[in-house]
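Novice: Next comes the structure file work.txt, holding compact mmCIF, N, CA and C atoms.
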```txt
# COMPACT_ATOMS: atom_id res chain seq x y z
N MET L 1 0.86 -1.18 0.00
CA MET L 1 0.00 0.00 0.00
C MET L 1 0.90 1.24 0.00
N ASP L 2 0.49 2.22 -0.76
CA ASP L 2 1.22 3.48 -0.87
C ASP L 2 1.21 4.21 0.48
N LEU L 3 2.34 4.74 0.87
CA LEU L 3 2.47 5.46 2.14
C LEU L 3 1.55 6.67 2.22
N SER L 4 1.34 7.35 1.11
CA SER L 4 0.46 8.54 1.11
C SER L 4 -0.99 8.15 1.40
N VAL L 5 -1.41 6.97 0.95
CA VAL L 5 -2.77 6.49 1.22
C VAL L 5 -2.93 6.20 2.71
N ILE L 6 -1.92 5.61 3.33
CA ILE L 6 -1.97 5.32 4.77
C ILE L 6 -2.08 6.62 5.56
N PHE L 7 -1.24 7.61 5.22
CA PHE L 7 -1.29 8.90 5.92
C PHE L 7 -2.64 9.60 5.72
N ALA L 8 -3.18 9.52 4.51
CA ALA L 8 -4.47 10.14 4.24
C ALA L 8 -5.57 9.50 5.09
N ARG L 9 -5.57 8.18 5.19
CA ARG L 9 -6.57 7.48 6.01
C ARG L 9 -6.41 7.85 7.49
N TYR L 10 -5.17 7.90 7.95
CA TYR L 10 -4.90 8.26 9.34
C TYR L 10 -5.36 9.68 9.63
N LYS L 11 -5.11 10.58 8.69
CA LYS L 11 -5.49 11.98 8.86
C LYS L 11 -7.01 12.12 8.92
N VAL L 12 -7.73 11.43 8.04
CA VAL L 12 -9.19 11.50 8.04
C VAL L 12 -9.76 10.94 9.34
N ARG L 13 -9.22 9.82 9.81
CA ARG L 13 -9.69 9.23 11.06
C ARG L 13 -9.41 10.17 12.23
N SER L 14 -8.26 10.78 12.25
CA SER L 14 -7.91 11.72 13.32
C SER L 14 -8.86 12.91 13.34
N ILE L 15 -9.16 13.43 12.17
CA ILE L 15 -10.08 14.57 12.08
C ILE L 15 -11.46 14.17 12.58
N ILE L 16 -11.92 13.00 12.21
CA ILE L 16 -13.24 12.52 12.65
C ILE L 16 -13.27 12.37 14.17
N VAL L 17 -12.23 11.82 14.76
CA VAL L 17 -12.17 11.65 16.21
C VAL L 17 -12.18 13.01 16.91
N VAL L 18 -11.36 13.94 16.44
CA VAL L 18 -11.30 15.27 17.04
C VAL L 18 -12.65 15.98 16.93
N LEU L 19 -13.28 15.91 15.76
CA LEU L 19 -14.60 16.53 15.59
C LEU L 19 -15.63 15.89 16.51
N GLY L 20 -15.57 14.60 16.65
CA GLY L 20 -16.49 13.90 17.55
C GLY L 20 -16.33 14.36 18.99
N ILE L 21 -15.10 14.50 19.43
CA ILE L 21 -14.83 14.98 20.79
C ILE L 21 -15.34 16.41 20.95
N MET L 22 -15.05 17.26 19.97
CA MET L 22 -15.49 18.65 20.05
C MET L 22 -17.01 18.76 20.09
N LEU L 23 -17.69 17.99 19.27
CA LEU L 23 -19.16 18.03 19.25
C LEU L 23 -19.75 17.51 20.55
N THR L 24 -19.12 16.49 21.13
CA THR L 24 -19.59 15.96 22.40
C THR L 24 -19.44 17.01 23.50
N VAL L 25 -18.29 17.66 23.54
CA VAL L 25 -18.06 18.71 24.55
C VAL L 25 -19.03 19.86 24.33
N ALA L 26 -19.21 20.27 23.08
CA ALA L 26 -20.12 21.39 22.78
C ALA L 26 -21.55 21.03 23.13
N ALA L 27 -21.97 19.82 22.81
CA ALA L 27 -23.34 19.42 23.11
C ALA L 27 -23.57 19.35 24.62
N ALA L 28 -22.56 18.86 25.34
CA ALA L 28 -22.68 18.79 26.80
C ALA L 28 -22.55 20.18 27.38
N GLY L 29 -21.78 21.00 26.70
CA GLY L 29 -21.57 22.38 27.15
C GLY L 29 -20.61 22.45 28.30
N CYS L 30 -19.89 23.51 28.37
CA CYS L 30 -18.96 23.75 29.47
C CYS L 30 -19.53 24.80 30.39
N ALA L 31 -20.60 25.42 29.99
CA ALA L 31 -21.20 26.48 30.78
C ALA L 31 -21.99 25.87 31.93
N THR L 32 -22.13 26.63 32.98
CA THR L 32 -22.96 26.24 34.11
C THR L 32 -24.42 26.42 33.71
N GLY L 33 -25.26 25.48 34.10
CA GLY L 33 -26.67 25.60 33.78
C GLY L 33 -27.39 26.60 34.68
N ILE L 34 -28.36 27.27 34.12
CA ILE L 34 -29.23 28.16 34.89
C ILE L 34 -30.66 27.79 34.52
N THR L 35 -31.51 27.62 35.52
CA THR L 35 -32.90 27.24 35.23
C THR L 35 -33.67 28.44 34.70
N ARG L 36 -34.78 28.15 34.07
CA ARG L 36 -35.65 29.21 33.56
C ARG L 36 -36.14 30.10 34.69
N GLU L 37 -36.49 29.48 35.81
CA GLU L 37 -36.98 30.25 36.96
C GLU L 37 -35.89 31.16 37.53
N GLU L 38 -34.66 30.64 37.61
CA GLU L 38 -33.56 31.46 38.11
C GLU L 38 -33.29 32.65 37.19
N LEU L 39 -33.32 32.39 35.89
CA LEU L 39 -33.09 33.48 34.95
C LEU L 39 -34.19 34.53 35.05
N LEU L 40 -35.43 34.10 35.10
CA LEU L 40 -36.54 35.04 35.20
C LEU L 40 -36.38 35.92 36.45
N GLU L 41 -36.00 35.31 37.55
CA GLU L 41 -35.77 36.06 38.80
C GLU L 41 -34.62 37.06 38.63
N GLN L 42 -33.52 36.61 38.02
CA GLN L 42 -32.37 37.50 37.82
C GLN L 42 -32.69 38.63 36.85
N MET L 43 -33.55 38.37 35.87
CA MET L 43 -33.94 39.41 34.92
C MET L 43 -34.68 40.56 35.62
N GLN L 44 -35.33 40.25 36.72
CA GLN L 44 -36.11 41.25 37.45
C GLN L 44 -35.30 41.92 38.56
N SER L 45 -34.02 41.55 38.68
CA SER L 45 -33.17 42.12 39.73
C SER L 45 -32.54 43.43 39.25
N GLU L 46 -31.83 44.09 40.16
CA GLU L 46 -31.16 45.36 39.83
C GLU L 46 -30.01 45.16 38.85
N ASN L 47 -29.37 43.99 38.88
CA ASN L 47 -28.23 43.72 38.02
C ASN L 47 -28.46 42.44 37.21
N PRO L 48 -29.33 42.51 36.21
CA PRO L 48 -29.59 41.30 35.42
C PRO L 48 -28.36 40.92 34.58
N PRO L 49 -28.22 39.64 34.29
CA PRO L 49 -27.08 39.21 33.46
C PRO L 49 -27.33 39.60 32.00
N MET L 50 -26.25 39.62 31.23
CA MET L 50 -26.37 39.77 29.77
C MET L 50 -26.97 38.46 29.27
N ILE L 51 -28.03 38.55 28.48
CA ILE L 51 -28.68 37.36 27.91
C ILE L 51 -28.45 37.41 26.41
N VAL L 52 -27.91 36.32 25.87
CA VAL L 52 -27.56 36.29 24.45
C VAL L 52 -28.25 35.12 23.76
N ASP L 53 -29.02 35.46 22.74
CA ASP L 53 -29.66 34.48 21.87
C ASP L 53 -28.68 34.19 20.74
N VAL L 54 -28.20 32.95 20.65
CA VAL L 54 -27.19 32.61 19.65
C VAL L 54 -27.78 31.93 18.42
N ARG L 55 -29.10 31.99 18.27
CA ARG L 55 -29.77 31.39 17.11
C ARG L 55 -29.62 32.29 15.89
N SER L 56 -30.28 31.92 14.82
CA SER L 56 -30.26 32.73 13.60
C SER L 56 -31.09 34.00 13.80
N GLN L 57 -30.91 34.97 12.91
CA GLN L 57 -31.67 36.22 12.99
C GLN L 57 -33.17 35.95 12.88
N GLY L 58 -33.56 35.06 11.99
CA GLY L 58 -34.98 34.73 11.82
C GLY L 58 -35.59 34.13 13.08
N GLU L 59 -34.84 33.23 13.73
CA GLU L 59 -35.34 32.62 14.96
C GLU L 59 -35.47 33.69 16.05
N TYR L 60 -34.47 34.56 16.15
CA TYR L 60 -34.49 35.64 17.14
C TYR L 60 -35.69 36.56 16.89
N ASP L 61 -35.92 36.93 15.64
CA ASP L 61 -37.04 37.82 15.31
C ASP L 61 -38.39 37.17 15.66
N ARG L 62 -38.49 35.86 15.44
CA ARG L 62 -39.75 35.15 15.69
C ARG L 62 -40.13 35.20 17.17
N ASP L 63 -39.15 34.94 18.04
CA ASP L 63 -39.37 35.05 19.49
C ASP L 63 -38.05 34.91 20.22
N HIS L 64 -37.92 35.66 21.30
CA HIS L 64 -36.72 35.58 22.12
C HIS L 64 -37.03 35.98 23.56
N VAL L 65 -36.11 35.65 24.44
CA VAL L 65 -36.24 36.03 25.85
C VAL L 65 -36.18 37.56 25.92
N PRO L 66 -37.08 38.19 26.66
CA PRO L 66 -37.07 39.66 26.75
C PRO L 66 -35.70 40.20 27.19
N GLY L 67 -35.24 41.21 26.47
CA GLY L 67 -33.97 41.84 26.80
C GLY L 67 -32.75 41.15 26.21
N ALA L 68 -32.94 40.00 25.59
CA ALA L 68 -31.80 39.28 25.02
C ALA L 68 -31.26 40.02 23.79
N VAL L 69 -29.95 39.99 23.65
CA VAL L 69 -29.32 40.51 22.43
C VAL L 69 -29.07 39.34 21.50
N HIS L 70 -28.99 39.63 20.23
CA HIS L 70 -28.75 38.58 19.24
C HIS L 70 -27.30 38.62 18.79
N ILE L 71 -26.60 37.52 19.03
CA ILE L 71 -25.25 37.31 18.50
C ILE L 71 -25.19 35.86 18.04
N PRO L 72 -25.05 35.60 16.75
CA PRO L 72 -24.98 34.20 16.28
C PRO L 72 -23.86 33.45 16.98
N PHE L 73 -24.07 32.15 17.22
CA PHE L 73 -23.10 31.36 17.97
C PHE L 73 -21.71 31.40 17.36
N TYR L 74 -21.62 31.50 16.05
CA TYR L 74 -20.32 31.46 15.39
C TYR L 74 -19.54 32.78 15.52
N SER L 75 -20.17 33.83 16.04
CA SER L 75 -19.44 35.09 16.23
C SER L 75 -19.61 35.62 17.66
N ILE L 76 -19.79 34.72 18.62
CA ILE L 76 -20.08 35.12 19.99
C ILE L 76 -18.95 35.96 20.59
N GLY L 77 -17.71 35.56 20.41
CA GLY L 77 -16.59 36.30 21.00
C GLY L 77 -16.47 37.70 20.46
N SER L 78 -16.48 37.84 19.16
CA SER L 78 -16.35 39.16 18.55
C SER L 78 -17.59 40.01 18.82
N GLY L 79 -18.75 39.37 18.90
CA GLY L 79 -19.98 40.10 19.18
C GLY L 79 -19.98 40.71 20.58
N LEU L 80 -19.54 39.94 21.57
CA LEU L 80 -19.46 40.47 22.94
C LEU L 80 -18.37 41.54 23.04
N ASN L 81 -17.26 41.33 22.33
CA ASN L 81 -16.20 42.35 22.32
C ASN L 81 -16.71 43.66 21.74
N ALA L 82 -17.47 43.57 20.66
CA ALA L 82 -18.02 44.78 20.02
C ALA L 82 -18.94 45.55 20.95
N LEU L 83 -19.60 44.83 21.87
CA LEU L 83 -20.48 45.47 22.84
C LEU L 83 -19.72 45.99 24.06
N GLY L 84 -18.40 45.71 24.12
CA GLY L 84 -17.60 46.13 25.27
C GLY L 84 -17.91 45.33 26.52
N PHE L 85 -18.34 44.08 26.34
CA PHE L 85 -18.75 43.24 27.46
C PHE L 85 -17.54 42.70 28.22
N SER L 86 -17.58 42.80 29.53
CA SER L 86 -16.49 42.35 30.40
C SER L 86 -16.45 40.83 30.49
N LYS L 87 -15.26 40.28 30.48
CA LYS L 87 -15.10 38.83 30.62
C LYS L 87 -15.41 38.36 32.04
N GLN L 88 -15.54 39.29 32.99
CA GLN L 88 -15.85 38.93 34.37
C GLN L 88 -17.34 39.01 34.67
N ALA L 89 -18.13 39.57 33.78
CA ALA L 89 -19.57 39.74 34.01
C ALA L 89 -20.31 38.46 33.58
N PRO L 90 -21.44 38.18 34.24
CA PRO L 90 -22.21 36.98 33.87
C PRO L 90 -22.92 37.13 32.53
N VAL L 91 -22.88 36.05 31.76
CA VAL L 91 -23.57 36.01 30.47
C VAL L 91 -24.34 34.70 30.39
N VAL L 92 -25.62 34.81 29.98
CA VAL L 92 -26.48 33.63 29.82
C VAL L 92 -26.71 33.43 28.33
N LEU L 93 -26.41 32.23 27.86
CA LEU L 93 -26.55 31.89 26.45
C LEU L 93 -27.72 30.92 26.27
N TYR L 94 -28.38 31.04 25.12
CA TYR L 94 -29.39 30.04 24.78
C TYR L 94 -29.56 29.97 23.27
N CYS L 95 -30.03 28.81 22.82
CA CYS L 95 -30.42 28.62 21.43
C CYS L 95 -31.77 27.91 21.45
N GLU L 96 -32.13 27.20 20.43
CA GLU L 96 -33.44 26.54 20.40
C GLU L 96 -33.44 25.26 21.25
N HIS L 97 -32.39 24.44 21.10
CA HIS L 97 -32.34 23.15 21.78
C HIS L 97 -31.12 22.95 22.67
N GLY L 98 -30.01 23.63 22.42
CA GLY L 98 -28.83 23.50 23.27
C GLY L 98 -27.48 23.40 22.59
N PRO L 99 -27.35 22.74 21.44
CA PRO L 99 -26.02 22.57 20.86
C PRO L 99 -25.31 23.88 20.48
N ARG L 100 -26.01 24.82 19.89
CA ARG L 100 -25.35 26.07 19.49
C ARG L 100 -24.89 26.88 20.70
N SER L 101 -25.69 26.90 21.75
CA SER L 101 -25.25 27.62 22.95
C SER L 101 -24.10 26.87 23.62
N GLY L 102 -24.06 25.55 23.48
CA GLY L 102 -22.92 24.77 23.99
C GLY L 102 -21.63 25.14 23.29
N ILE L 103 -21.70 25.27 21.97
CA ILE L 103 -20.52 25.68 21.19
C ILE L 103 -20.11 27.09 21.58
N ALA L 104 -21.09 27.99 21.71
CA ALA L 104 -20.78 29.38 22.08
C ALA L 104 -20.18 29.44 23.48
N GLY L 105 -20.73 28.68 24.41
CA GLY L 105 -20.20 28.66 25.78
C GLY L 105 -18.79 28.13 25.83
N PHE L 106 -18.54 27.08 25.10
CA PHE L 106 -17.20 26.49 25.01
C PHE L 106 -16.22 27.52 24.48
N THR L 107 -16.62 28.24 23.46
CA THR L 107 -15.78 29.29 22.87
C THR L 107 -15.47 30.38 23.89
N LEU L 108 -16.48 30.82 24.63
CA LEU L 108 -16.27 31.88 25.61
C LEU L 108 -15.36 31.43 26.75
N ILE L 109 -15.56 30.22 27.22
CA ILE L 109 -14.71 29.71 28.30
C ILE L 109 -13.26 29.61 27.84
N LEU L 110 -13.04 29.14 26.62
CA LEU L 110 -11.68 29.08 26.08
C LEU L 110 -11.08 30.47 25.90
N SER L 111 -11.95 31.48 25.73
CA SER L 111 -11.49 32.87 25.55
C SER L 111 -11.32 33.61 26.88
N GLY L 112 -11.55 32.94 27.99
CA GLY L 112 -11.30 33.55 29.29
C GLY L 112 -12.50 34.16 30.00
N TYR L 113 -13.71 33.92 29.52
CA TYR L 113 -14.89 34.43 30.21
C TYR L 113 -15.11 33.60 31.47
N ASP L 114 -15.43 34.29 32.58
CA ASP L 114 -15.51 33.63 33.89
C ASP L 114 -16.88 33.08 34.23
N LYS L 115 -17.94 33.77 33.86
CA LYS L 115 -19.29 33.43 34.32
C LYS L 115 -20.21 33.17 33.13
N VAL L 116 -20.07 32.00 32.56
CA VAL L 116 -20.85 31.62 31.38
C VAL L 116 -21.93 30.63 31.81
N TYR L 117 -23.16 30.98 31.51
CA TYR L 117 -24.30 30.15 31.89
C TYR L 117 -25.09 29.76 30.64
N SER L 118 -25.67 28.58 30.70
CA SER L 118 -26.50 28.09 29.61
C SER L 118 -27.91 27.87 30.14
N LEU L 119 -28.90 28.42 29.43
CA LEU L 119 -30.29 28.30 29.85
C LEU L 119 -30.76 26.85 29.71
N GLU L 120 -31.09 26.24 30.85
CA GLU L 120 -31.58 24.86 30.83
C GLU L 120 -32.92 24.80 30.10
N GLY L 121 -33.03 23.87 29.18
CA GLY L 121 -34.25 23.73 28.40
C GLY L 121 -34.28 24.61 27.16
N ALA L 122 -33.31 25.52 27.08
CA ALA L 122 -33.15 26.41 25.93
C ALA L 122 -34.45 27.18 25.64
N MET L 123 -34.56 27.73 24.45
CA MET L 123 -35.75 28.53 24.10
C MET L 123 -37.00 27.65 24.05
N LYS L 124 -36.82 26.42 23.65
CA LYS L 124 -37.95 25.49 23.59
C LYS L 124 -38.57 25.34 24.98
N GLY L 125 -37.74 25.21 26.01
CA GLY L 125 -38.23 25.09 27.37
C GLY L 125 -38.83 26.39 27.89
N TRP L 126 -38.22 27.53 27.51
CA TRP L 126 -38.74 28.84 27.91
C TRP L 126 -40.17 29.01 27.39
N ARG L 127 -40.34 28.66 26.11
CA ARG L 127 -41.66 28.75 25.49
C ARG L 127 -42.66 27.80 26.16
N LYS L 128 -42.21 26.58 26.42
CA LYS L 128 -43.06 25.57 27.04
C LYS L 128 -43.52 26.02 28.43
N SER L 129 -42.67 26.73 29.15
CA SER L 129 -43.02 27.25 30.48
C SER L 129 -43.95 28.46 30.40
N GLU L 130 -44.20 28.91 29.17
CA GLU L 130 -45.05 30.08 28.92
C GLU L 130 -44.53 31.34 29.62
N PHE L 131 -43.20 31.47 29.63
CA PHE L 131 -42.57 32.66 30.15
C PHE L 131 -42.66 33.75 29.09
N PRO L 132 -42.48 35.02 29.49
CA PRO L 132 -42.63 36.11 28.52
C PRO L 132 -41.63 36.02 27.37
N ILE L 133 -42.07 36.46 26.20
CA ILE L 133 -41.21 36.51 25.02
C ILE L 133 -41.36 37.88 24.35
N GLU L 134 -40.37 38.21 23.56
CA GLU L 134 -40.43 39.40 22.70
C GLU L 134 -40.40 38.92 21.27
N VAL L 135 -41.06 39.69 20.40
CA VAL L 135 -41.14 39.37 18.97
C VAL L 135 -40.72 40.61 18.20
N ILE L 136 -39.93 40.42 17.16
CA ILE L 136 -39.53 41.53 16.27
C ILE L 136 -40.46 41.50 15.06
N THR L 137 -41.13 42.62 14.81
CA THR L 137 -41.97 42.72 13.63
C THR L 137 -41.36 43.73 12.68
N HIS L 138 -41.33 43.40 11.43
CA HIS L 138 -40.73 44.29 10.43
C HIS L 138 -41.79 45.00 9.63
```
Would you give me this structure, written as structure tokens?
Specialist:
Amino acid sequence: MDLSVIFARYKVRSIIVVLGIMLTVAAAGCATGITREELLEQMQSENPPMIVDVRSQGEYDRDHVPGAVHIPFYSIGSGLNALGFSKQAPVVLYCEHGPRSGIAGFTLILSGYDKVYSLEGAMKGWRKSEFPIEVITH
């Protein structure tokens, strides 16, 4: 067997293993969980956390947690930097089901953010609990 074929197969397998590990970590998330009830309570406090919807613009426009800002998961770091957000301040992330906020949380933790939280149940759970939502109409 040609040596280049062996290296190519090894490289593909290595990439698949690394991607699998990354997806598992992202899906599990590295962020601390926050319940819907805890978030609702914190939203009504004097110092509410930054809430970030990491879904697509269309999903955000359709419905989102009141006061949430929209930053797609793939640009979470640069989006928070553009807002001048402190790495020491609490930030709550959510998407529709969990994987995108897991990826965003993993990215923020690797970038040195200290207080990264993921909304348990995501937007689907927020909606199911019949908690307040905001809608963008054009």
Novice: If you count only C-alpha atoms, which residues fall within 9 Å of stretch 46-62 of chain L, apart from same-chain ones fewer than 2 positions away, as JSON, numbers by chain?
Specialist: {"L": [39, 41, 42, 43, 44, 64, 65, 66, 67, 68, 69, 70, 71, 72, 73, 74, 75, 76, 85, 89, 90, 91, 92, 93, 94, 95, 96, 100, 101, 104, 123, 134, 135, 136, 137, 138]}
Novice: Grab the residues selected above and save them as a compact mmCIF listing (two decimals), in the coordinates of the input with N, CA and C atoms.
Specialist:
```txt
# COMPACT_ATOMS: atom_id res chain seq x y z
N LEU L 39 -33.32 32.39 35.89
CA LEU L 39 -33.09 33.48 34.95
C LEU L 39 -34.19 34.53 35.05
N GLU L 41 -36.00 35.31 37.55
CA GLU L 41 -35.77 36.06 38.80
C GLU L 41 -34.62 37.06 38.63
N GLN L 42 -33.52 36.61 38.02
CA GLN L 42 -32.37 37.50 37.82
C GLN L 42 -32.69 38.63 36.85
N MET L 43 -33.55 38.37 35.87
CA MET L 43 -33.94 39.41 34.92
C MET L 43 -34.68 40.56 35.62
N GLN L 44 -35.33 40.25 36.72
CA GLN L 44 -36.11 41.25 37.45
C GLN L 44 -35.30 41.92 38.56
N HIS L 64 -37.92 35.66 21.30
CA HIS L 64 -36.72 35.58 22.12
C HIS L 64 -37.03 35.98 23.56
N VAL L 65 -36.11 35.65 24.44
CA VAL L 65 -36.24 36.03 25.85
C VAL L 65 -36.18 37.56 25.92
N PRO L 66 -37.08 38.19 26.66
CA PRO L 66 -37.07 39.66 26.75
C PRO L 66 -35.70 40.20 27.19
N GLY L 67 -35.24 41.21 26.47
CA GLY L 67 -33.97 41.84 26.80
C GLY L 67 -32.75 41.15 26.21
N ALA L 68 -32.94 40.00 25.59
CA ALA L 68 -31.80 39.28 25.02
C ALA L 68 -31.26 40.02 23.79
N VAL L 69 -29.95 39.99 23.65
CA VAL L 69 -29.32 40.51 22.43
C VAL L 69 -29.07 39.34 21.50
N HIS L 70 -28.99 39.63 20.23
CA HIS L 70 -28.75 38.58 19.24
C HIS L 70 -27.30 38.62 18.79
N ILE L 71 -26.60 37.52 19.03
CA ILE L 71 -25.25 37.31 18.50
C ILE L 71 -25.19 35.86 18.04
N PRO L 72 -25.05 35.60 16.75
CA PRO L 72 -24.98 34.20 16.28
C PRO L 72 -23.86 33.45 16.98
N PHE L 73 -24.07 32.15 17.22
CA PHE L 73 -23.10 31.36 17.97
C PHE L 73 -21.71 31.40 17.36
N TYR L 74 -21.62 31.50 16.05
CA TYR L 74 -20.32 31.46 15.39
C TYR L 74 -19.54 32.78 15.52
N SER L 75 -20.17 33.83 16.04
CA SER L 75 -19.44 35.09 16.23
C SER L 75 -19.61 35.62 17.66
N ILE L 76 -19.79 34.72 18.62
CA ILE L 76 -20.08 35.12 19.99
C ILE L 76 -18.95 35.96 20.59
N PHE L 85 -18.34 44.08 26.34
CA PHE L 85 -18.75 43.24 27.46
C PHE L 85 -17.54 42.70 28.22
N ALA L 89 -18.13 39.57 33.78
CA ALA L 89 -19.57 39.74 34.01
C ALA L 89 -20.31 38.46 33.58
N PRO L 90 -21.44 38.18 34.24
CA PRO L 90 -22.21 36.98 33.87
C PRO L 90 -22.92 37.13 32.53
N VAL L 91 -22.88 36.05 31.76
CA VAL L 91 -23.57 36.01 30.47
C VAL L 91 -24.34 34.70 30.39
N VAL L 92 -25.62 34.81 29.98
CA VAL L 92 -26.48 33.63 29.82
C VAL L 92 -26.71 33.43 28.33
N LEU L 93 -26.41 32.23 27.86
CA LEU L 93 -26.55 31.89 26.45
C LEU L 93 -27.72 30.92 26.27
N TYR L 94 -28.38 31.04 25.12
CA TYR L 94 -29.39 30.04 24.78
C TYR L 94 -29.56 29.97 23.27
N CYS L 95 -30.03 28.81 22.82
CA CYS L 95 -30.42 28.62 21.43
C CYS L 95 -31.77 27.91 21.45
N GLU L 96 -32.13 27.20 20.43
CA GLU L 96 -33.44 26.54 20.40
C GLU L 96 -33.44 25.26 21.25
N ARG L 100 -26.01 24.82 19.89
CA ARG L 100 -25.35 26.07 19.49
C ARG L 100 -24.89 26.88 20.70
N SER L 101 -25.69 26.90 21.75
CA SER L 101 -25.25 27.62 22.95
C SER L 101 -24.10 26.87 23.62
N ALA L 104 -21.09 27.99 21.71
CA ALA L 104 -20.78 29.38 22.08
C ALA L 104 -20.18 29.44 23.48
N MET L 123 -34.56 27.73 24.45
CA MET L 123 -35.75 28.53 24.10
C MET L 123 -37.00 27.65 24.05
N GLU L 134 -40.37 38.21 23.56
CA GLU L 134 -40.43 39.40 22.70
C GLU L 134 -40.40 38.92 21.27
N VAL L 135 -41.06 39.69 20.40
CA VAL L 135 -41.14 39.37 18.97
C VAL L 135 -40.72 40.61 18.20
N ILE L 136 -39.93 40.42 17.16
CA ILE L 136 -39.53 41.53 16.27
C ILE L 136 -40.46 41.50 15.06
N THR L 137 -41.13 42.62 14.81
CA THR L 137 -41.97 42.72 13.63
C THR L 137 -41.36 43.73 12.68
N HIS L 138 -41.33 43.40 11.43
CA HIS L 138 -40.73 44.29 10.43
C HIS L 138 -41.79 45.00 9.63
```
Novice: So which residues touch L:Tyr113 within 5 Å, counting all atoms listed in the file, skipping near sequence neighbours fewer than 3 positions away, as a list in words?
Specialist: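 Near neighbours after the sequence-gap exclusion: Lys87, Leu108 and Ile109 of chain L.
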Novice: Smallest atom-to-atom distance to L:Gly125: which of L:Gly77, L:Gly84, L:Arg36, L:Gly112, using only N, CA and C atoms?
Specialist: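 Counting only N, CA and C atoms, the residue closest to L:Gly125 is L:Arg36.
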Novice: So the first atom is atom N of L:Glu120 and the second is atom CA of L:Ile103; what is the distance between them in Å, to one decimal place?
Specialist: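 Atom-to-atom, atom N of L:Glu120 to atom CA of L:Ile103, that is 14.3 Å.
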Novice: Rounded to one decimal, what separation in Å do you get between atom CA of L:Asp114 and atom CA of L:Ala31?
Specialist: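 Atom-to-atom, atom CA of L:Asp114 and atom CA of L:Ala31 are spaced 9.7 Å apart.
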Novice: Could you check how far atom CA of L:Ile133 sits from atom C of L:Asp63, in Å to one decimal?
Specialist: 6.0 Å
Novice: Tell me, as a VMD selection string, which residues lie within 8 Å of L:Gly121, counting only C-alpha atoms; anything in the same chain fewer than 3 positions away does not count.
Specialist: chain L and resid 35 to 36 97 to 98 124 to 126
